[in-house]
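Source file: structure-v5.txt. Holds: compact mmCIF, C-alpha atoms.
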```
# COMPACT_ATOMS: atom_id res chain seq x y z
CA MET A 1 35.93 -48.19 -67.19
CA GLN A 2 36.51 -48.64 -70.93
CA GLU A 3 32.76 -48.37 -71.54
CA ILE A 4 32.53 -45.06 -69.66
CA LEU A 5 35.44 -43.55 -71.60
CA ALA A 6 33.96 -44.73 -74.88
CA GLN A 7 30.59 -43.15 -74.03
CA LEU A 8 32.29 -39.87 -73.02
CA PHE A 9 34.25 -39.72 -76.30
CA SER A 10 31.02 -40.29 -78.21
CA TYR A 11 29.36 -37.30 -76.47
CA VAL A 12 32.34 -35.05 -77.19
CA TRP A 13 32.37 -36.08 -80.82
CA GLY A 14 28.66 -35.37 -81.13
CA VAL A 15 29.09 -31.85 -79.70
CA TRP A 16 31.97 -31.17 -82.02
CA ARG A 17 30.00 -32.28 -85.00
CA HIS A 18 27.07 -29.89 -84.11
CA ARG A 19 29.20 -27.02 -82.79
CA TRP A 20 27.91 -24.45 -85.23
CA LEU A 21 24.30 -25.26 -84.54
CA ALA A 22 24.83 -24.97 -80.78
CA LEU A 23 26.63 -21.65 -81.21
CA GLY A 24 23.77 -20.25 -83.25
CA VAL A 25 21.15 -21.31 -80.69
CA ALA A 26 23.19 -19.72 -77.89
CA TRP A 27 23.39 -16.42 -79.77
CA VAL A 28 19.66 -16.38 -80.35
CA VAL A 29 18.84 -17.05 -76.70
CA ALA A 30 21.33 -14.43 -75.51
CA ILE A 31 19.99 -11.75 -77.82
CA ALA A 32 16.39 -12.52 -76.78
CA GLY A 33 17.36 -12.33 -73.11
CA TRP A 34 19.14 -9.01 -73.57
CA VAL A 35 16.09 -7.58 -75.29
CA TRP A 36 13.78 -8.81 -72.51
CA VAL A 37 16.02 -7.38 -69.79
CA TRP A 38 16.31 -4.09 -71.67
CA GLN A 39 12.51 -3.83 -71.81
CA LEU A 40 12.08 -4.47 -68.06
CA PRO A 41 11.12 -1.33 -66.09
CA GLU A 42 13.68 0.00 -63.68
CA ALA A 43 13.05 -0.80 -60.00
CA TYR A 44 14.80 0.68 -56.98
CA VAL A 45 14.55 -0.83 -53.53
CA ALA A 46 14.88 1.38 -50.45
CA SER A 47 15.14 -0.45 -47.14
CA ALA A 48 15.31 0.66 -43.54
CA ARG A 49 15.53 -0.96 -40.13
CA VAL A 50 13.60 0.35 -37.18
CA TYR A 51 13.33 -0.79 -33.59
CA VAL A 52 9.82 -0.76 -32.19
CA ASP A 53 8.79 -2.27 -28.87
CA THR A 54 5.63 -4.11 -29.80
CA ASN A 55 5.09 -5.41 -26.29
CA SER A 56 1.96 -3.92 -24.86
CA VAL A 57 2.01 -2.02 -21.60
CA LEU A 58 -0.63 -4.44 -20.41
CA ARG A 59 1.59 -7.45 -21.01
CA PRO A 60 3.16 -7.49 -17.50
CA LEU A 61 -0.29 -6.99 -15.99
CA LEU A 62 -1.84 -9.80 -18.01
CA GLN A 63 1.01 -12.22 -17.42
CA GLY A 64 -0.59 -15.58 -16.73
CA LEU A 65 -4.09 -14.22 -17.37
CA ALA A 66 -4.20 -13.95 -21.15
CA VAL A 67 -2.51 -15.64 -24.12
CA GLN A 68 0.43 -13.57 -25.34
CA PRO A 69 0.85 -13.18 -29.14
CA ASN A 70 3.90 -14.73 -30.82
CA VAL A 71 6.26 -13.08 -33.31
CA GLU A 72 4.29 -14.06 -36.42
CA SER A 73 1.02 -12.74 -35.05
CA ARG A 74 2.70 -9.47 -34.04
CA ILE A 75 4.18 -9.07 -37.53
CA GLY A 76 0.79 -9.72 -39.06
CA LEU A 77 -0.80 -7.17 -36.76
CA LEU A 78 1.83 -4.55 -37.59
CA SER A 79 1.50 -5.23 -41.30
CA ARG A 80 -2.26 -4.83 -41.22
CA THR A 81 -1.90 -1.66 -39.18
CA LEU A 82 0.82 -0.18 -41.34
CA LEU A 83 -0.76 -1.13 -44.66
CA SER A 84 -4.25 -0.05 -43.74
CA ARG A 85 -5.99 2.27 -46.16
CA PRO A 86 -5.77 5.39 -43.90
CA ASN A 87 -2.01 4.91 -43.50
CA LEU A 88 -1.52 4.30 -47.23
CA GLU A 89 -3.46 7.48 -48.06
CA LYS A 90 -1.35 9.36 -45.55
CA LEU A 91 1.79 7.89 -47.12
CA MET A 92 0.57 8.93 -50.57
CA ARG A 93 0.01 12.51 -49.43
CA MET A 94 3.39 12.70 -47.67
CA THR A 95 5.23 11.67 -50.86
CA ASP A 96 3.05 13.82 -53.20
CA LEU A 97 1.92 10.75 -55.11
CA ASP A 98 -1.66 11.95 -54.82
CA LEU A 99 -0.83 14.62 -57.39
CA GLN A 100 -0.41 11.93 -60.03
CA VAL A 101 -3.99 10.63 -59.79
CA THR A 102 -7.18 12.36 -60.79
CA THR A 103 -9.89 9.73 -60.49
CA ALA A 104 -10.95 7.35 -57.78
CA ARG A 105 -9.97 4.34 -59.91
CA GLU A 106 -6.44 5.66 -60.36
CA LYS A 107 -6.26 6.32 -56.65
CA ASP A 108 -7.30 2.77 -55.83
CA ALA A 109 -4.77 1.39 -58.30
CA LEU A 110 -2.01 3.50 -56.77
CA LEU A 111 -2.94 2.36 -53.27
CA ASN A 112 -2.85 -1.27 -54.39
CA ASP A 113 0.58 -0.76 -55.98
CA LEU A 114 1.86 0.84 -52.78
CA GLN A 115 0.55 -2.04 -50.71
CA LYS A 116 2.28 -4.58 -52.97
CA SER A 117 5.57 -2.67 -53.03
CA ILE A 118 5.97 -2.54 -49.25
CA SER A 119 7.49 -5.46 -47.36
CA LEU A 120 7.89 -5.89 -43.61
CA TRP A 121 9.71 -8.61 -41.69
CA ALA A 122 11.24 -9.04 -38.25
CA SER A 123 14.77 -9.98 -37.35
CA ALA A 124 15.36 -13.54 -36.26
CA LYS A 125 17.60 -12.46 -33.36
CA ASP A 126 15.53 -9.57 -32.04
CA PRO A 127 11.73 -9.71 -32.55
CA SER A 128 11.47 -5.96 -31.91
CA LEU A 129 13.86 -5.08 -34.78
CA TYR A 130 11.93 -4.72 -38.05
CA SER A 131 13.10 -4.26 -41.62
CA ILE A 132 11.06 -2.27 -44.13
CA SER A 133 11.64 -2.28 -47.87
CA VAL A 134 9.94 -0.27 -50.61
CA GLN A 135 10.27 -0.94 -54.35
CA ASP A 136 9.59 1.76 -56.95
CA PRO A 137 10.73 2.54 -60.49
CA ASP A 138 11.95 5.95 -59.38
CA ARG A 139 14.87 6.07 -56.99
CA ASP A 140 13.87 9.30 -55.24
CA THR A 141 10.29 8.10 -54.87
CA ALA A 142 11.44 4.86 -53.27
CA LYS A 143 13.59 6.82 -50.83
CA ARG A 144 10.77 9.20 -49.95
CA LEU A 145 8.38 6.29 -49.49
CA ALA A 146 10.79 4.56 -47.11
CA GLN A 147 11.26 7.71 -45.02
CA ALA A 148 7.54 8.44 -44.93
CA LEU A 149 6.85 4.82 -44.08
CA ILE A 150 9.18 5.00 -41.09
CA THR A 151 7.43 8.17 -39.93
CA VAL A 152 4.02 6.55 -40.22
CA PHE A 153 5.34 3.44 -38.51
CA ILE A 154 6.67 5.40 -35.54
CA GLU A 155 3.52 7.53 -35.25
CA SER A 156 1.35 4.42 -35.27
CA SER A 157 3.54 2.83 -32.64
CA LEU A 158 3.42 5.92 -30.42
CA SER A 159 -0.35 6.13 -30.82
CA GLY A 160 -0.62 2.49 -29.85
CA LYS A 161 1.59 3.11 -26.82
CA ARG A 162 -0.63 5.96 -25.71
CA GLU A 163 -3.69 3.79 -26.13
CA ASP A 164 -1.98 0.99 -24.21
CA SER A 165 -1.06 3.40 -21.43
CA SER A 166 -4.62 4.65 -21.22
CA GLY A 167 -5.92 1.08 -21.31
CA ALA A 168 -3.43 0.05 -18.64
CA GLN A 169 -4.55 2.91 -16.43
CA ASP A 170 -8.20 1.99 -16.90
CA PHE A 171 -7.38 -1.65 -16.23
CA LEU A 172 -5.51 -0.81 -13.04
CA GLU A 173 -8.32 1.45 -11.84
CA GLU A 174 -10.85 -1.32 -12.44
CA GLN A 175 -8.65 -3.81 -10.60
CA ILE A 176 -8.21 -1.38 -7.69
CA LYS A 177 -11.96 -0.88 -7.43
CA GLU A 178 -12.56 -4.62 -7.60
CA TYR A 179 -10.01 -5.39 -4.90
CA GLU A 180 -11.31 -2.50 -2.82
CA ALA A 181 -14.79 -4.01 -2.96
CA ARG A 182 -13.36 -7.41 -2.04
CA LEU A 183 -11.45 -5.88 0.86
CA ILE A 184 -14.53 -4.08 2.17
CA SER A 185 -16.55 -7.28 1.90
CA ALA A 186 -13.84 -9.26 3.70
CA GLU A 187 -13.60 -6.65 6.47
CA THR A 188 -17.39 -6.71 6.85
CA ARG A 189 -17.43 -10.50 7.13
CA SER A 190 -14.52 -10.35 9.58
CA GLY A 191 -16.31 -7.77 11.72
CA ASN A 192 -19.52 -9.79 11.73
CA PHE A 193 -17.59 -12.92 12.65
CA ARG A 194 -15.78 -11.14 15.51
CA GLN A 195 -19.05 -9.67 16.75
CA LYS A 196 -20.74 -13.08 16.58
CA HIS A 197 -17.90 -14.87 18.36
CA MET A 198 -16.92 -12.11 20.76
CA ASP A 199 -16.89 -14.56 23.66
CA ILE A 200 -14.11 -16.51 21.91
CA LEU A 201 -12.15 -13.77 20.15
CA GLY A 202 -12.75 -10.94 22.61
CA GLY A 203 -10.04 -9.32 24.67
CA LYS A 204 -6.37 -8.83 23.94
CA GLY A 205 -4.30 -11.37 22.08
CA GLY A 206 -5.11 -13.71 19.29
CA TYR A 207 -7.27 -16.77 19.00
CA TYR A 208 -4.64 -19.20 20.29
CA ARG A 209 -3.86 -17.00 23.26
CA ASN A 210 -7.55 -16.88 24.16
CA LEU A 211 -7.76 -20.64 23.61
CA ASN A 212 -4.87 -21.28 26.00
CA SER A 213 -6.45 -18.95 28.54
CA ALA A 214 -9.77 -20.79 28.22
CA ARG A 215 -8.01 -24.11 28.69
CA ALA A 216 -6.31 -22.80 31.82
CA ARG A 217 -9.66 -21.61 33.18
CA LEU A 218 -11.16 -25.00 32.34
CA GLN A 219 -8.45 -26.81 34.29
CA GLN A 220 -8.97 -24.47 37.22
CA ALA A 221 -12.73 -25.03 37.07
CA GLN A 222 -12.22 -28.80 36.97
CA LEU A 223 -9.96 -28.57 40.01
CA MET A 224 -12.55 -26.49 41.87
CA LEU A 225 -15.22 -29.00 40.82
CA ARG A 226 -13.26 -31.87 42.36
CA GLU A 227 -12.78 -29.84 45.54
CA GLU A 228 -16.51 -29.10 45.75
CA GLU A 229 -17.37 -32.75 45.10
CA ASN A 230 -15.06 -33.81 47.92
CA ARG A 231 -16.60 -31.16 50.13
CA VAL A 232 -20.12 -32.42 49.33
CA VAL A 233 -19.11 -35.97 50.22
CA GLU A 234 -17.56 -34.83 53.49
CA LEU A 235 -20.56 -32.67 54.46
CA GLN A 236 -22.98 -35.47 53.59
CA ARG A 237 -20.94 -37.86 55.72
CA GLN A 238 -21.00 -35.47 58.66
CA ILE A 239 -24.75 -34.86 58.29
CA ASP A 240 -25.49 -38.59 58.06
CA GLY A 241 -23.43 -39.22 61.19
CA GLU A 242 -25.04 -36.47 63.29
CA ASP A 243 -27.04 -37.69 66.32
CA PRO A 244 -30.53 -36.31 66.98
CA LEU A 245 -30.80 -33.68 69.67
CA TYR A 246 -33.45 -33.82 72.43
CA VAL A 247 -34.92 -30.37 72.79
CA PRO A 248 -38.15 -30.28 74.81
CA SER A 249 -40.67 -28.22 72.94
CA VAL A 250 -43.79 -28.95 75.00
CA SER A 251 -43.99 -28.44 78.77
CA PRO A 252 -45.96 -30.88 81.01
CA SER A 253 -48.68 -28.37 81.57
CA VAL A 254 -49.11 -27.95 77.88
CA ALA A 255 -48.99 -31.69 77.34
CA ALA A 256 -51.83 -32.16 79.75
CA ALA A 257 -53.98 -29.75 77.81
CA PRO A 258 -56.69 -31.41 75.80
CA GLN A 259 -56.19 -29.26 72.67
CA GLN A 260 -54.63 -30.76 69.57
CA VAL A 261 -51.18 -29.60 68.44
CA MET A 262 -50.98 -28.06 64.93
CA PRO A 263 -47.89 -27.57 62.72
CA SER A 264 -46.26 -24.18 63.11
CA ALA A 265 -47.23 -21.67 60.41
CA LYS A 266 -44.26 -19.43 61.13
CA PRO A 267 -41.85 -19.26 58.11
CA SER A 268 -38.50 -20.86 58.75
CA ALA A 269 -35.04 -19.73 57.69
CA VAL A 270 -35.23 -22.02 54.66
CA ASP A 271 -38.44 -20.31 53.53
CA THR A 272 -36.72 -16.95 53.76
CA GLN A 273 -33.76 -18.20 51.73
CA ILE A 274 -36.08 -19.66 49.09
CA GLU A 275 -37.92 -16.38 48.76
CA VAL A 276 -34.68 -14.42 48.33
CA ILE A 277 -33.30 -16.85 45.76
CA GLN A 278 -36.56 -16.82 43.80
CA GLN A 279 -36.37 -13.03 43.53
CA GLU A 280 -32.74 -13.14 42.38
CA LEU A 281 -33.56 -15.88 39.89
CA ALA A 282 -36.45 -13.89 38.44
CA GLU A 283 -34.15 -10.89 37.94
CA LEU A 284 -31.48 -13.01 36.23
CA LYS A 285 -33.96 -14.67 33.87
CA VAL A 286 -34.90 -11.25 32.56
CA LYS A 287 -31.30 -10.69 31.40
CA TYR A 288 -30.01 -14.21 30.71
CA THR A 289 -31.26 -17.52 29.40
CA ALA A 290 -31.75 -20.69 31.42
CA ARG A 291 -28.32 -21.96 30.29
CA HIS A 292 -26.42 -19.10 31.92
CA PRO A 293 -24.07 -20.33 34.70
CA GLU A 294 -25.53 -18.03 37.38
CA VAL A 295 -29.10 -19.02 36.47
CA ARG A 296 -28.21 -22.70 36.60
CA GLN A 297 -26.43 -22.26 39.93
CA LEU A 298 -29.38 -20.49 41.55
CA THR A 299 -31.83 -23.02 40.06
CA SER A 300 -29.86 -25.90 41.57
CA LEU A 301 -29.62 -24.12 44.94
CA LEU A 302 -33.36 -23.41 44.88
CA ALA A 303 -34.13 -27.07 44.19
CA ASP A 304 -31.94 -28.16 47.14
CA LEU A 305 -33.59 -25.66 49.46
CA GLU A 306 -37.07 -26.75 48.38
CA GLU A 307 -36.09 -30.36 49.06
CA GLU A 308 -34.77 -29.34 52.45
CA ARG A 309 -38.00 -27.47 53.21
CA ALA A 310 -40.00 -30.53 52.20
CA GLU A 311 -37.96 -32.67 54.61
CA GLU A 312 -38.53 -30.18 57.42
CA GLN A 313 -42.25 -30.13 56.71
CA ARG A 314 -42.41 -33.92 56.73
CA ALA A 315 -40.47 -34.02 60.00
CA GLU A 316 -42.75 -31.39 61.53
CA ARG A 317 -45.89 -33.25 60.47
CA ALA A 318 -44.49 -36.49 61.88
CA ARG A 319 -43.71 -34.78 65.18
CA VAL A 320 -47.17 -33.23 65.43
CA ARG A 321 -48.83 -36.51 64.50
CA ALA A 322 -46.85 -38.38 67.17
CA ILE A 323 -47.72 -35.81 69.83
CA ASN A 324 -51.42 -35.90 68.97
CA GLU A 325 -51.48 -39.70 68.99
CA ARG A 326 -49.83 -39.86 72.42
CA ARG A 327 -52.25 -37.28 73.77
CA LYS A 328 -55.22 -39.20 72.44
CA ALA A 329 -53.88 -42.31 74.13
CA GLY A 330 -53.45 -40.38 77.37
CA LYS A 331 -49.69 -40.88 77.37
CA PRO A 332 -47.29 -38.20 78.54
CA VAL A 333 -45.36 -36.33 75.87
CA ASP A 334 -42.51 -35.11 78.06
CA ASP A 335 -40.14 -37.90 77.02
CA LEU A 336 -41.07 -37.65 73.34
CA GLY A 337 -39.05 -34.53 72.89
CA ASP A 338 -38.86 -32.52 69.73
CA LEU A 339 -38.32 -34.83 66.80
CA SER A 340 -37.30 -31.85 64.74
CA GLY A 341 -34.65 -30.77 67.18
CA LEU A 342 -31.91 -31.85 64.80
CA ALA A 343 -33.49 -29.88 61.98
CA ASN A 344 -33.63 -26.74 64.14
CA SER A 345 -30.04 -27.12 65.33
CA PRO A 346 -27.84 -24.17 64.17
CA VAL A 347 -24.93 -26.48 63.41
CA TYR A 348 -27.19 -28.80 61.42
CA LEU A 349 -28.74 -25.92 59.50
CA ASN A 350 -25.32 -24.44 58.74
CA MET A 351 -24.08 -27.80 57.46
CA LYS A 352 -27.19 -28.20 55.31
CA LYS A 353 -26.69 -24.73 53.89
CA MET A 354 -23.05 -25.44 53.10
CA LEU A 355 -24.08 -28.73 51.48
CA ALA A 356 -26.67 -26.97 49.31
CA GLU A 357 -24.16 -24.34 48.22
CA SER A 358 -21.58 -26.99 47.36
CA LYS A 359 -24.14 -28.97 45.35
CA SER A 360 -25.13 -25.85 43.43
CA LYS A 361 -21.49 -25.20 42.54
CA VAL A 362 -21.10 -28.78 41.37
```
How would this structure read if it were set down as C-alpha cells?
Amino acid sequence: MQEILAQLFSYVWGVWRHRWLALGVAWVVAIAGWVWVWQLPEAYVASARVYVDTNSVLRPLLQGLAVQPNVESRIGLLSRTLLSRPNLEKLMRMTDLDLQVTTAREKDALLNDLQKSISLWASAKDPSLYSISVQDPDRDTAKRLAQALITVFIESSLSGKREDSSGAQDFLEEQIKEYEARLISAETRSGNFRQKHMDILGGKGGYYRNLNSARARLQQAQLMLREEENRVVELQRQIDGEDPLYVPSVSPSVAAAPQQVMPSAKPSAVDTQIEVIQQELAELKVKYTARHPEVRQLTSLLADLEEERAEEQRAERARVRAINERRKAGKPVDDLGDLSGLANSPVYLNMKKMLAESKSKV
C-alpha cells in the first residue's frame, strides 16, 4: 500500500512540475481542432420512416414451393431498386439538382454523391418499416431529397405491387390450365377404366357394393352347384338300378324270314336334340367366345348327348348282331326280345335327359 501511494505522489509531482508545458500543448491542440471543425462543410441530415409491404403477392402461392427471401436480402433488393440510376435521375429532376450540372461528368459525379448520401435500413421490430436518411450541405435540399425519395420509394413499391399482381394472375391462370389438363386426363383414364371393367363396376352402387353382390351370387351359385351335383348322383343311381325291359320288336313270322336284320336308319330323339343344340351353339359362338357360360353349358350338354347316342348305337348294333347270329344258327328270336328296350323306354330317356342337363349345369 505504501508503494502505491508513493508512486501516485511521484506522478502528481511530475505533472505539477510540467504544468505549464501541458497547458501549452492543450491550447495548441484545442485551437487546431477548432480550426478544423470550422473548416468542415455544413451537413444536414433529413430522415423519414415509411411502411412498405415488401411481401410479394406470390408469396402465399409459393409457400413451400420456393425459398422466401430474408430481411437482409429484401433490404438489399430495395436498396438496389431505389438507388438505381433511373431512380436517381428522377430524384435529381424532382429536386432541380439537374440545373446545377452542365456536362455528363458533372452529372455522373452528382449521381454518385446522391447515391452515397442516401441510407436505408429496416426496423428490427417490424421488417416492413424502413428508415430513410439523406445528408446534404443545404438544409432545404436535404429536406426536398427526403420527400422526393419517399415519393420514388412509394411509386416503385406500387409498380412492383402491380407487377406482382399481374404475375400472380398469370401464375394462377397457368396453374388452372395445368390442373384442368390433369383433371381431363384423370377423367379420361377413369372413363377408360370403367369402360374396360364394366362387368365389375357396372350398375348402381360402388365397387364394394358390387363386390358384395357378386359374392352373394357366388354363394348362391355354389349352393345350386351342390344341389345339381346331388341331383346327378341321385339320377345316376336310379339309372344304374333300372331293370331292362322286355319289349318284343320282332314277330315270329319276321323271325322266320331268311333276310338279315339291319340297324334302323331312322333318327332318334337324341339325334334331334343334338341337331337343335348344335344350331344354338353355332349361333352363340358368333356372339360369344368359348369361355362364355352359355357356350360352355351347351358344349357340355352336346358332349353328353353324343355319348348317349354312341351308347344307343352300340346297343342297337349289339341287338342286331345277336338277332342275326341266332337266325344264322336257326334259333328262334322270340325270347331274345329287344335289347334296346331300356334305351327306348320313355322313363329311361327322360332320366337320361335330366342327367345330361344336370351335368351341363355342373
Of A:Arg291, A:Ser10, A:Leu5, A:Ala356, the one sitting nearest Gln236 in chain A when using all atoms listed in the file is A:Ala356
Q) Any idea what the distance is between CA of Pro137 in chain A and CA of Glu42 in chain A? A)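 Separation between CA of Pro137 in chain A and CA of Glu42 in chain A: 5.0 Å.
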Could you name the residues that touch range 272-284 of chain A at 7 Å or less, counting only C-alpha atoms, but leaving out those on the same chain fewer than 2 positions away, as a list in words?
Ser268, Ala269, Val270, Val286, Lys287, Tyr288, Val295, Leu298, Leu302 and Leu305 of chain A
Gap from CA of Leu88 in chain A to CA of Lys143 in chain A - Å, one decimal |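 Spanning CA of Leu88 in chain A to CA of Lys143 in chain A is a straight-line distance of 15.7 Å.
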Report as lines of an AutoDock Vina configuration file the centre and the edge lengths, in Å to one decimal, of the axis-aligned box holding every listed atom of range 117-125 of chain A, padded by 6 Å on each side.
```
center_x = 11.6
center_y = -8.0
center_z = -43.2
size_x = 24.0
size_y = 23.0
size_z = 31.7
```
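Here the question is which of A:Thr102, A:Ser47, A:Asn112, A:Ser156 gets nearest to Ser131 in chain A using all atoms listed in the file, and that residue is A:Ser47.
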Counting all atoms listed in the file, closest pick from A:Ala48, A:Ala109, A:Ala168, A:Ala26 relative to Ile150 in chain A is A:Ala48
Calculated over all atoms listed in the file, which of the candidates A:Ser79, A:Glu312, A:Tyr44, A:Gln39 has the smallest distance to Ala122 in chain A?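 For Ala122 in chain A, the nearest of the candidates is A:Ser79.
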task: Please identify all polymer residues within 9 Å of Val50 in chain A, counting only C-alpha atoms, omitting same-chain residues fewer than 4 positions from it, and present them as a ChimeraX atom specification.
output: /A:128-132,150,153-154
Taken to one decimal, the CA of Leu158 in chain A-CA of Asp140 in chain A distance is 27.1 Å
Next item on the list: Give me the residues within 10 Å of Leu91 in chain A as a PyMOL selection string, counting all atoms listed in the file and dropping any in the same chain fewer than 6 places off.
Entry: chain A and resi 82-83+85+97-98+111+114+144-152
Between A:Gln135, A:Val28, A:Thr141, A:Glu155, which one has atoms that come closest to Asn87 in chain A, using only C-alpha atoms?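 Among A:Gln135, A:Val28, A:Thr141, A:Glu155, it is A:Glu155 that comes nearest to Asn87 in chain A.
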